[in-house]
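Trainee: Quick one: this structure, given as structure tokens, is what I'll be asking you about.
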Amino acid sequence: MKDPHPLGVSRTEAEVLAGCELPVAGLFRGHESQNIGLIASCIVDAYRGQSLIQLGSARSLAVLAVDGLGYRVAARWLGPDVLIPLTATFPSTTTSALATSLTGRTPSEHGVIGVQYLHTDGARGYNCITGEITEPSSAGVIRPSPDPVTTTAFLALRDLGVRSFSLPGELAALSAQWRKLALDGSTELAGSSGLDGSSGLAGSAGLVGSAGLDGQVPGSVPPGPPGMRGVHEVVDAVTRDLRAVLDRHRGALVWAYVNLDDHLHRYGPDHDIERACQAIDSLARALSASGTAVLLYTDHGCAASCPSAATMAAWDELSSPRTCRLPAGGAGRVRWLYPHAGAEQAVAHELRTRLPDAVVTSPAELSRWGLVDADSIGYARLGEIILLARGPDFPVPEPELAYEHGSMTVEEILVPLAVWQPTR
């Protein structure tokens, strides 16, 4: 592997994590500069000639956003010209991290903090995957947080005269609000990587079926392999679609979502993931040989998950409508509660007593730790009680899955930035 050391960035995970430790052993905050928010500027700066990405004769850039592949797994099975460790967002979830990667804004700033959080009105619950709004069952502190005005890498490229296309795959089933935030400025294309069996590259979005993103929507993840596309099918479909767009639109930016997450949730980094990485590496090498630069990054990794019956029973009791005014927020291995007024201390005490692998804390403490900015949009949307997983016995939304993410362990937050430079 070629190993230029671009732009003075840290090259090892130890260098990136140095100084990022939280007061809780094994948990980390995001790196101040070497984080997933760099992706947006790397994309735009490539067309300004100021990026670690070198554009080739085609002046095209293929960006692969791979869901669920942690840095250590990528380093083992990919062979790019440049490989740099970055940190993901808090929470380490798809909706938060991909929004950050395409806007350059943190979840504190863009407000997509997990999957389920407070609506902009500060009173109701909101799910950014489904767009569902939930009414509270009792009064609570109202914390309104209007959506900010943000811009995307795609819009910046449009100002530079560069056309952008996105192949969102399963992400096309997410709420229109999330897609607007993350994909604005790109032409969304639904191709063979969708779940509805559609083929071709129709210039419209929202044509694919729902996906189990972040394990937050009950029943959204199929119960077993028969209902799940294989990772080889996923990579093959993205390969066909990506090549088709690049062939038609020389000099364009093409962003493609690659869903390895569903498989990783169930089986972890097994032989199928190894083969998928080899296929991705082959695709990237072929594109770079034809004059197209390739950037690959991921949103998060995965950690082992094995909640006990006692943990799930305690969670079901303490997150129930009897105790809380809204459904639990967050996603995966970071969750929060909106207790009825006056119940906060009692609920937090019970959680600390009955959930040994959970760090039970508050938004104020998260702010002191550097995970969320005080008085920010993201801060306002959190619950009064926060739980972060520090071990596998944590009350995740899909307890049957063997791997999850959302918390701030190394396995979850350390992600790759990989570049295959064009050879002509």
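Following the order of the structure tokens, chains are lettered A, B, ..., residues in each are numbered from 1, and ligands are numbered from 1.
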For A:Asp373, list every protein, DNA or RNA residue within 12 Å, evaluated using only C-alpha atoms, and leave out those in the same chain fewer than 5 positions away; present the list as a VMD selection string.

Mentor: chain A and resid 90 106 to 111 113 363 to 368 378 to 382

Trainee: What's the 9 Å shell around A:Arg390, counting only C-alpha atoms, without same-chain residues fewer than 3 positions away, as a list in words?

Mentor: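 Everything that qualifies: Val24, Ala25, Gly26, Leu27, Arg333, Asp357, Ala358, Val359, Asp393, Phe394, Ser407, Met408 and Thr409 of chain A.
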
Trainee: Quick one: of A:Gln278, A:Thr187, A:Gln116, A:Thr353, who's nearest to A:Thr311, counting only C-alpha atoms?

Mentor: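 Among A:Gln278, A:Thr187, A:Gln116, A:Thr353, it is A:Thr353 that comes nearest to A:Thr311.
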
Trainee: Out of A:Ala173, A:Leu414, A:Ala389, A:Leu264, which residue has the shortest atom-to-atom distance to A:Thr12 when counting only C-alpha atoms?

Mentor: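 Going through A:Ala173, A:Leu414, A:Ala389, A:Leu264 one by one, the smallest distance to A:Thr12 is for A:Leu414.
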
Trainee: Of the candidates A:Pro356, A:Pro168, A:Pro144, A:Gly332, which shows the shortest atom-to-atom distance to A:Glu398, using only C-alpha atoms?

Mentor: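 Once distances to A:Glu398 are computed over only C-alpha atoms, the minimum belongs to A:Gly332.
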
Trainee: Kindly indicate which residue among A:Leu157, A:Leu326, A:Thr152, A:Ser10 lies nearest to A:Arg48, using only C-alpha atoms for the distances.

Mentor: A:Leu157

Trainee: Pick the closest to A:Thr239 from A:Ala88, A:Ile53, A:Leu64, A:Ala303: which is it, counting only C-alpha atoms?

Mentor: A:Leu64
